[in-house]
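File shown here: protein.cif, holding mmCIF, C-alpha atoms and all ligand atoms.
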data_data
#
loop_
_atom_site.label_atom_id
_atom_site.label_comp_id
_atom_site.auth_asym_id
_atom_site.auth_seq_id
_atom_site.Cartn_x
_atom_site.Cartn_y
_atom_site.Cartn_z
CA MET A 1 -131.34 149.86 164.12
CA ILE A 2 -128.33 150.18 161.89
CA ALA A 3 -126.61 147.41 163.75
CA ARG A 4 -129.61 145.21 163.40
CA ASN A 5 -129.89 145.81 159.68
CA THR A 6 -126.23 144.98 159.31
CA PHE A 7 -126.83 141.77 161.21
CA VAL A 8 -129.66 140.80 158.87
CA VAL A 9 -127.51 141.53 155.84
CA LEU A 10 -124.72 139.42 157.26
CA LEU A 11 -127.13 136.59 157.92
CA ALA A 12 -128.35 136.75 154.35
CA ALA A 13 -124.81 136.83 153.01
CA GLY A 14 -123.90 133.91 155.21
CA ALA A 15 -126.83 131.92 153.90
CA VAL A 16 -125.73 132.54 150.32
CA LEU A 17 -122.10 131.68 151.05
CA SER A 18 -122.92 128.55 152.96
CA SER A 19 -125.42 127.20 150.46
CA PRO A 20 -123.82 124.14 148.85
CA ALA A 21 -122.84 125.34 145.40
CA ARG A 22 -122.20 121.77 144.24
CA ALA A 23 -125.51 120.38 145.42
CA ASP A 24 -127.11 120.58 142.00
CA SER A 25 -124.01 119.85 139.93
CA PRO A 26 -123.80 116.02 139.84
CA ALA A 27 -126.78 115.70 137.53
CA THR A 28 -125.27 118.18 135.12
CA ALA A 29 -121.60 117.23 135.53
CA PRO A 30 -119.67 117.83 132.32
CA ALA A 31 -118.64 114.67 130.52
CA GLU A 32 -114.93 115.47 130.55
CA GLN A 33 -114.77 115.54 134.32
CA PRO A 34 -113.56 112.18 135.67
CA ALA A 35 -116.06 111.65 138.44
CA GLN A 36 -114.43 108.62 140.02
CA ASP A 37 -111.41 108.64 142.25
CA ARG A 38 -109.60 105.61 140.85
CA CYS A 39 -106.84 105.83 143.44
CA ALA A 40 -108.95 105.42 146.58
CA SER A 41 -108.35 102.18 148.49
CA ALA A 42 -106.50 100.43 145.65
CA VAL A 43 -103.63 102.92 145.31
CA ASP A 44 -103.68 105.87 147.65
CA PRO A 45 -104.24 105.55 150.43
CA PHE A 46 -103.91 101.78 150.04
CA ASP A 47 -106.52 100.19 152.28
CA PRO A 48 -105.54 96.57 152.92
CA VAL A 49 -108.75 95.78 154.83
CA GLU A 50 -111.04 97.12 152.13
CA GLU A 51 -108.97 95.46 149.42
CA PHE A 52 -108.94 92.14 151.29
CA ILE A 53 -112.73 92.20 151.59
CA ARG A 54 -113.12 93.02 147.91
CA PHE A 55 -110.63 90.31 147.02
CA ARG A 56 -112.47 87.66 149.03
CA VAL A 57 -115.76 88.48 147.32
CA ALA A 58 -114.07 88.35 143.91
CA ALA A 59 -112.18 85.11 144.61
CA GLY A 60 -115.12 83.11 145.92
CA GLU A 61 -115.13 79.98 148.06
CA ASP A 62 -111.59 78.80 147.36
CA ARG A 63 -110.15 82.28 148.11
CA GLU A 64 -108.16 82.12 144.88
CA LEU A 65 -108.75 84.55 142.03
CA ASP A 66 -108.64 82.87 138.62
CA GLU A 67 -108.68 84.59 135.25
CA GLN A 68 -112.41 84.18 134.70
CA GLN A 69 -113.22 85.56 138.14
CA PHE A 70 -110.83 88.43 137.48
CA ARG A 71 -112.64 89.36 134.26
CA ASP A 72 -116.12 88.92 135.78
CA ASN A 73 -115.30 90.95 138.88
CA ARG A 74 -114.46 94.10 136.95
CA GLU A 75 -118.15 94.58 136.10
CA LYS A 76 -119.38 94.08 139.66
CA ALA A 77 -120.24 96.70 142.27
CA ASN A 78 -117.30 97.47 144.59
CA PRO A 79 -114.95 95.28 142.59
CA PHE A 80 -111.45 94.27 143.55
CA VAL A 81 -110.51 94.45 139.87
CA ARG A 82 -110.32 98.07 138.75
CA VAL A 83 -110.25 99.56 135.29
CA PHE A 84 -106.44 99.70 135.44
CA ASP A 85 -105.87 96.14 136.68
CA LEU A 86 -104.62 93.73 134.05
CA TRP A 87 -104.56 89.94 134.41
CA GLU A 88 -101.29 89.92 132.47
CA GLN A 89 -99.76 91.98 135.27
CA ILE A 90 -101.28 90.44 138.37
CA ILE A 91 -100.49 86.87 137.25
CA ARG A 92 -96.77 87.75 137.42
CA PHE A 93 -97.25 87.69 141.20
CA ASP A 94 -98.40 84.05 141.15
CA HIS A 95 -95.54 82.92 143.34
CA ASN A 96 -96.81 79.40 143.97
CA GLY A 97 -97.42 78.91 140.25
CA ASP A 98 -100.96 77.54 140.50
CA GLY A 99 -102.28 79.90 137.82
CA LYS A 100 -104.42 81.73 140.37
CA ILE A 101 -103.92 84.67 142.70
CA ASN A 102 -104.29 84.34 146.46
CA TRP A 103 -104.50 87.31 148.83
CA PRO A 104 -100.77 87.62 149.65
CA GLU A 105 -100.03 87.57 145.92
CA ALA A 106 -102.77 90.13 145.26
CA GLU A 107 -101.58 92.38 148.06
CA GLN A 108 -98.02 92.35 146.77
CA TYR A 109 -99.32 93.27 143.32
CA ARG A 110 -101.31 96.16 144.81
CA LEU A 111 -98.28 97.44 146.73
CA ARG A 112 -95.99 97.25 143.70
CA LEU A 113 -98.52 99.05 141.52
CA ARG A 114 -98.88 101.71 144.21
CA GLU A 115 -95.10 102.14 144.30
CA LYS A 116 -94.96 102.59 140.53
CA ILE A 117 -97.86 105.02 140.41
CA LEU A 118 -96.39 107.11 143.23
CA ALA A 119 -93.01 107.11 141.51
CA THR A 120 -94.66 108.78 138.53
CA TYR A 121 -97.32 111.03 140.05
CA ASP A 122 -96.21 111.90 143.59
CA ALA A 123 -94.45 115.04 142.41
CA ASP A 124 -93.62 116.45 145.86
CA GLY A 125 -92.54 113.06 147.19
CA ASP A 126 -94.68 113.12 150.33
CA GLY A 127 -95.96 109.62 149.73
CA ARG A 128 -99.49 110.77 148.99
CA LEU A 129 -101.37 111.76 145.86
CA LYS A 130 -102.98 115.12 146.35
CA GLY A 131 -104.51 117.82 144.18
CA ASP A 132 -103.01 117.86 140.71
CA GLU A 133 -100.97 114.74 141.44
CA ARG A 134 -104.13 112.79 142.09
CA LYS A 135 -105.91 114.33 139.14
CA ALA A 136 -103.09 113.33 136.80
CA ALA A 137 -102.95 109.81 138.22
CA ASN A 138 -106.70 109.39 137.92
CA GLN A 139 -106.73 110.62 134.35
CA ALA A 140 -103.93 108.25 133.37
CA LEU A 141 -105.51 105.24 135.09
CA GLU A 142 -108.87 106.08 133.57
CA ALA A 143 -107.21 106.16 130.15
CA GLY A 144 -105.56 102.81 130.74
CA GLU A 145 -102.07 104.23 131.11
CA VAL A 146 -100.85 101.75 133.67
CA PRO A 147 -97.23 101.36 134.75
CA GLU A 148 -95.59 98.00 134.17
CA VAL A 149 -95.23 96.04 137.41
CA GLN A 150 -93.03 93.09 138.29
CA PRO A 151 -92.75 91.29 141.59
CA PRO A 152 -89.64 92.27 143.54
CA ALA A 153 -86.62 90.11 143.00
CA ASP A 154 -85.92 87.63 145.82
CA GLY A 155 -84.43 89.38 148.81
CA ALA A 156 -85.18 92.87 147.49
CA ASP A 157 -88.46 93.28 149.29
CA ALA A 158 -87.36 95.76 151.94
CA SER A 159 -89.60 98.51 150.57
CA SER A 160 -92.76 96.52 151.20
CA PRO A 161 -94.39 97.61 154.46
CA THR A 162 -95.99 94.20 154.90
CA SER A 163 -92.98 92.12 153.89
CA ARG A 164 -92.91 88.82 155.70
CA PRO A 165 -90.04 86.39 156.07
CA ASP A 166 -92.02 83.75 154.16
CA ARG A 167 -89.60 83.52 151.29
CA THR A 168 -86.68 82.43 153.42
CA HIS A 169 -87.83 78.95 154.41
CA CA B 201 -101.13 81.59 143.13
CA CA B 202 -97.71 114.13 146.93
#

Mind turning the file's structure into structure tokens?
Ligand SMILES: [Ca+2]
Ligand SMILES: [Ca+2]
Amino acid sequence: MIARNTFVVLLAAGAVLSSPARADSPATAPAEQPAQDRCASAVDPFDPVEEFIRFRVAAGEDRELDEQQFRDNREKANPFVRVFDLWEQIIRFDHNGDGKINWPEAEQYRLRLREKILATYDADGDGRLKGDERKAANQALEAGEVPEVQPPADGADASSPTSRPDRTH
């Protein structure tokens, strides 16, 4: 009998502990809490497939992102252009000089921005943004504190995981 009562108590305690404490919190989330993870896909972990898909939607038929498309895309659902992306920065990666951004140019911009953000916020140097690192990065990006990015100088592209020998011909 005692054992059984204990079992019932444990069951009740388990039910309380396992009830999702956050289930009712989204509707009443405090305003100061940044709800969105700004880093996901675009920064850390960088997801080239997801970013490519988003880029293609943003760039339209000609697969080239121009300034107007860049500005329009920011307001769309699942945009390629995030709150911290600046045309003034991405256009520096316009290697073929046509005034528009194609996917290889966009990807290089993403990778450089990732490098810069990790250099600032990846405190333990493990190549990932976790916990407080991620929180700090998100808060900065949300506030528009974006590191300056430049395309790598010719021949100094060894750090890019997707570097291709396309600049040598
Ligand atoms: Ca271009
Ligand atoms: Ca880290």

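Proximity ranking of A:Leu65, A:Ala58, A:Ile101, A:Ile91 relative to ligand CA 201 (chain B) places A:Ile101 first, based on all atoms listed in the file.
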
Taking a cut-off of 7 Å and counting all atoms listed in the file, can you build a table that, for each residue of chain A near ligand CA 201 (chain B), reports the nearest atom pair and how far apart they are in Å (one decimal), sorted by chain then residue number, as a Markdown table?
| residue | atom | partner | partner_atom | distance |
| --- | --- | --- | --- | --- |
| A:Asp94 | CA | B:CA201 | CA | 4.2 |
| A:His95 | CA | B:CA201 | CA | 5.7 |
| A:Asn96 | CA | B:CA201 | CA | 4.9 |
| A:Gly97 | CA | B:CA201 | CA | 5.4 |
| A:Asp98 | CA | B:CA201 | CA | 4.8 |
| A:Gly99 | CA | B:CA201 | CA | 5.7 |
| A:Lys100 | CA | B:CA201 | CA | 4.3 |
| A:Ile101 | CA | B:CA201 | CA | 4.2 |
| A:Asn102 | CA | B:CA201 | CA | 5.4 |
| A:Glu105 | CA | B:CA201 | CA | 6.7 |

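Of the listed residues (A:Pro45, A:Arg71, A:Val146, A:Pro151), A:Pro45 comes nearest to ligand CA 202 (chain B); the distances count only C-alpha atoms and all ligand atoms.
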
Step by step, measure atom-to-atom distances between ligand CA 202 (chain B) and each residue using all atoms listed in the file, keep those at most 10 Å, then write them as a list in words.
Leu118, Tyr121, Asp122, Ala123, Asp124, Gly125, Asp126, Gly127, Arg128, Leu129, Lys130, Gly131, Asp132, Glu133 and Arg134 of chain A

Expected answer as a VMD selection string: all residues with atoms within 12 Å of (-104.7, 100.0, 145.8), only C-alpha atoms
chain A and resid 37 to 52 54 to 55 79 to 85 106 to 118 141

Please measure the separation of CA of Glu142 (chain A) and CA of Leu86 (chain A), giving the value in Å to one decimal.
13.1 Å

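Straight-line separation from CA of Ala59 (chain A) to CA of Ala119 (chain A): 29.3 Å.
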
Between CA of Val57 (chain A) and CA of Gln89 (chain A), what is the distance in Å, rounded to a tenth?
20.3 Å

Between A:Glu148, A:Gln36, A:Glu88, A:Ile53, which one has atoms that come closest to Asp66 (chain A), using all atoms listed in the file?
A:Glu88

Would you compute, for all listed atoms of region 53-68 of chain A, the axis-aligned bounding box grown by 4 Å on each side, and then report its centre and edge lengths in Å rounded to one decimal, as JSON?
{"center_x": -112.0, "center_y": 85.9, "center_z": 143.1, "size_x": 15.6, "size_y": 22.2, "size_z": 24.9}

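Nearest to Asn78 (chain A) of all the residues A:Trp103, A:Glu145, A:Asn138, A:Arg56 is A:Arg56, counting all atoms listed in the file.
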
Written coordinates, C-alpha atoms of region 21-103 of chain A as a tab-separated table (two decimals), in the first residue's frame:
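What follows is the written file result.tsv:
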chain	number	residue	atom	x	y	z
A	21	ALA	CA	6.53	24.91	-18.99
A	22	ARG	CA	7.04	26.98	-22.15
A	23	ALA	CA	3.85	25.87	-23.85
A	24	ASP	CA	1.94	28.98	-22.84
A	25	SER	CA	4.82	31.45	-22.98
A	26	PRO	CA	5.00	32.50	-26.66
A	27	ALA	CA	1.81	34.53	-26.45
A	28	THR	CA	3.11	36.38	-23.43
A	29	ALA	CA	6.79	36.56	-24.38
A	30	PRO	CA	8.41	39.68	-22.98
A	31	ALA	CA	9.25	42.30	-25.58
A	32	GLU	CA	12.95	42.42	-24.75
A	33	GLN	CA	13.46	38.78	-25.61
A	34	PRO	CA	14.77	38.42	-29.18
A	35	ALA	CA	12.54	35.65	-30.42
A	36	GLN	CA	14.29	35.02	-33.71
A	37	ASP	CA	17.50	33.15	-34.20
A	38	ARG	CA	19.16	35.41	-36.75
A	39	CYS	CA	22.15	33.12	-37.14
A	40	ALA	CA	20.34	30.00	-38.35
A	41	SER	CA	21.09	29.02	-41.95
A	42	ALA	CA	22.66	32.36	-42.91
A	43	VAL	CA	25.50	32.34	-40.37
A	44	ASP	CA	25.69	29.34	-38.08
A	45	PRO	CA	25.39	26.69	-39.09
A	46	PHE	CA	25.66	28.03	-42.65
A	47	ASP	CA	23.25	26.02	-44.78
A	48	PRO	CA	24.27	26.39	-48.43
A	49	VAL	CA	21.25	24.45	-49.72
A	50	GLU	CA	18.72	26.51	-47.79
A	51	GLU	CA	20.52	29.73	-48.70
A	52	PHE	CA	20.70	28.75	-52.38
A	53	ILE	CA	16.95	28.09	-52.45
A	54	ARG	CA	16.23	31.40	-50.76
A	55	PHE	CA	18.61	33.16	-53.12
A	56	ARG	CA	16.95	31.71	-56.22
A	57	VAL	CA	13.52	32.85	-55.05
A	58	ALA	CA	14.87	36.33	-54.31
A	59	ALA	CA	16.80	36.63	-57.59
A	60	GLY	CA	13.99	35.59	-59.90
A	61	GLU	CA	14.15	34.30	-63.46
A	62	ASP	CA	17.60	35.60	-64.37
A	63	ARG	CA	19.14	34.14	-61.16
A	64	GLU	CA	20.81	37.49	-60.49
A	65	LEU	CA	19.97	39.58	-57.44
A	66	ASP	CA	19.74	43.29	-58.22
A	67	GLU	CA	19.41	46.11	-55.72
A	68	GLN	CA	15.64	46.40	-56.04
A	69	GLN	CA	15.16	42.66	-55.57
A	70	PHE	CA	17.50	42.81	-52.59
A	71	ARG	CA	15.40	45.51	-50.92
A	72	ASP	CA	12.07	43.84	-51.78
A	73	ASN	CA	13.20	40.42	-50.57
A	74	ARG	CA	13.88	41.59	-47.02
A	75	GLU	CA	10.13	41.93	-46.41
A	76	LYS	CA	9.23	38.51	-47.79
A	77	ALA	CA	8.64	35.27	-45.92
A	78	ASN	CA	11.79	33.12	-45.69
A	79	PRO	CA	13.93	35.81	-47.28
A	80	PHE	CA	17.49	35.45	-48.45
A	81	VAL	CA	18.08	39.04	-47.34
A	82	ARG	CA	18.19	39.24	-43.55
A	83	VAL	CA	17.94	42.22	-41.26
A	84	PHE	CA	21.76	42.39	-41.10
A	85	ASP	CA	22.42	42.13	-44.84
A	86	LEU	CA	23.40	45.38	-46.51
A	87	TRP	CA	23.46	45.98	-50.27
A	88	GLU	CA	26.54	48.15	-49.75
A	89	GLN	CA	28.34	45.09	-48.42
A	90	ILE	CA	27.10	42.34	-50.71
A	91	ILE	CA	27.76	44.37	-53.88
A	92	ARG	CA	31.48	44.34	-53.00
A	93	PHE	CA	31.36	40.66	-54.00
A	94	ASP	CA	30.19	41.51	-57.53
A	95	HIS	CA	33.23	39.94	-59.12
A	96	ASN	CA	32.01	40.08	-62.71
A	97	GLY	CA	31.04	43.73	-62.27
A	98	ASP	CA	27.53	43.51	-63.72
A	99	GLY	CA	25.98	45.38	-60.80
A	100	LYS	CA	24.11	42.27	-59.69
A	101	ILE	CA	24.84	39.35	-57.41
A	102	ASN	CA	24.82	35.77	-58.66
A	103	TRP	CA	24.86	32.73	-56.38
